[in-house]
Amino acid sequence: MTTPAHNKELVRRLYEQFFVHRDLDAVTELIHERFRQHSPDAPSGRDAYVDHLREAAFAGGSSDIKRILADGDLVAVHHHMRLRDDTGPGLAVVDLWRIEDGRLIEHWDVEQPVPETARVPNGM
């Protein structure tokens with residue numbers, strides 16, 4: 001059985017390989033072949049999901065991880081994402097991943113546009 005710390009590192013590697021190195025072969029190795037997607041904009045299945053990543057609006061974008069939380073086989077990532085060629089303030093995103101057999105097997109997400117101005121000074 002893997003630890004929450006190990007699971008957090010696995011998810012951190014996914015973001016680094018995708019957003020920094022843009023290495024989809026390395027991303028593929030981190031995803032379970034029985035991958036299940038819950039986001040309505042992306043397909044299930046490892047190969048279909050990786051193909052989707054090649055063309056997704058956030059491919060070529062950036063992610064600034066704010067925090068990663070783990071509870072058993074679940075890992076939540078709160079990050080600030082900018083889409084490719086986006087000059088605006090980007091998106092506040094929370095991704096939830098489930099780990100099985102040392103690989104990412106399930107994914108959910110919630111995205112919210114970061115407003116140009118906010119009524120609170122705390123940021124998103």
# chains A, B, ... in the order shown; residues from 1 in each chain; ligands from 1
$ select_by_dssp --residues "chain A" --states "alpha helix (DSSP H)" --output "PyMOL selection string"
chain A and resi 4-15+24-30+46-55
$ closest_residue --among "A:Asp41, A:Glu16, A:Asp85, A:Glu29" --to "A:Trp108" --atoms "only C-alpha atoms"
A:Asp41
$ residues_around --residues "A:His80" --least-positions-apart "4" --cutoff "7 Å" --atoms "only C-alpha atoms" --output "MDAnalysis selection string"
chainID A and resid 63:65 90:93
$ residues_around --residues "A:Glu116" --least-positions-apart "6" --cutoff "12 Å" --atoms "only C-alpha atoms" --output "VMD selection string"
chain A and resid 87 to 91 123 to 124
$ residues_around --residues "A:Glu55" --least-positions-apart "6" --cutoff "12 Å" --atoms "only C-alpha atoms" --output "PyMOL selection string"
chain A and resi 24+41-42+48-49+61+83-84
$ write_last_selection --atoms "C-alpha atoms" --output "PDB file, in the first residue's frame"
ATOM      1  CA  LEU A  24       3.183  12.867 -22.573  1.00  0.00           C
ATOM      2  CA  ASP A  41     -14.916  17.660 -21.098  1.00  0.00           C
ATOM      3  CA  ALA A  42     -12.498  14.720 -21.213  1.00  0.00           C
ATOM      4  CA  ALA A  48      -8.095   8.424 -24.934  1.00  0.00           C
ATOM      5  CA  TYR A  49      -7.258  10.754 -22.039  1.00  0.00           C
ATOM      6  CA  GLY A  61      -0.324  26.325 -20.573  1.00  0.00           C
ATOM      7  CA  LEU A  83      -4.372  28.277 -20.759  1.00  0.00           C
ATOM      8  CA  ARG A  84      -2.092  28.372 -23.778  1.00  0.00           C
TER       9      ARG A  84
END
$ atom_distance --atom1 "atom CA of A:Leu14" --atom2 "atom CA of A:Val114"
23.3 Å
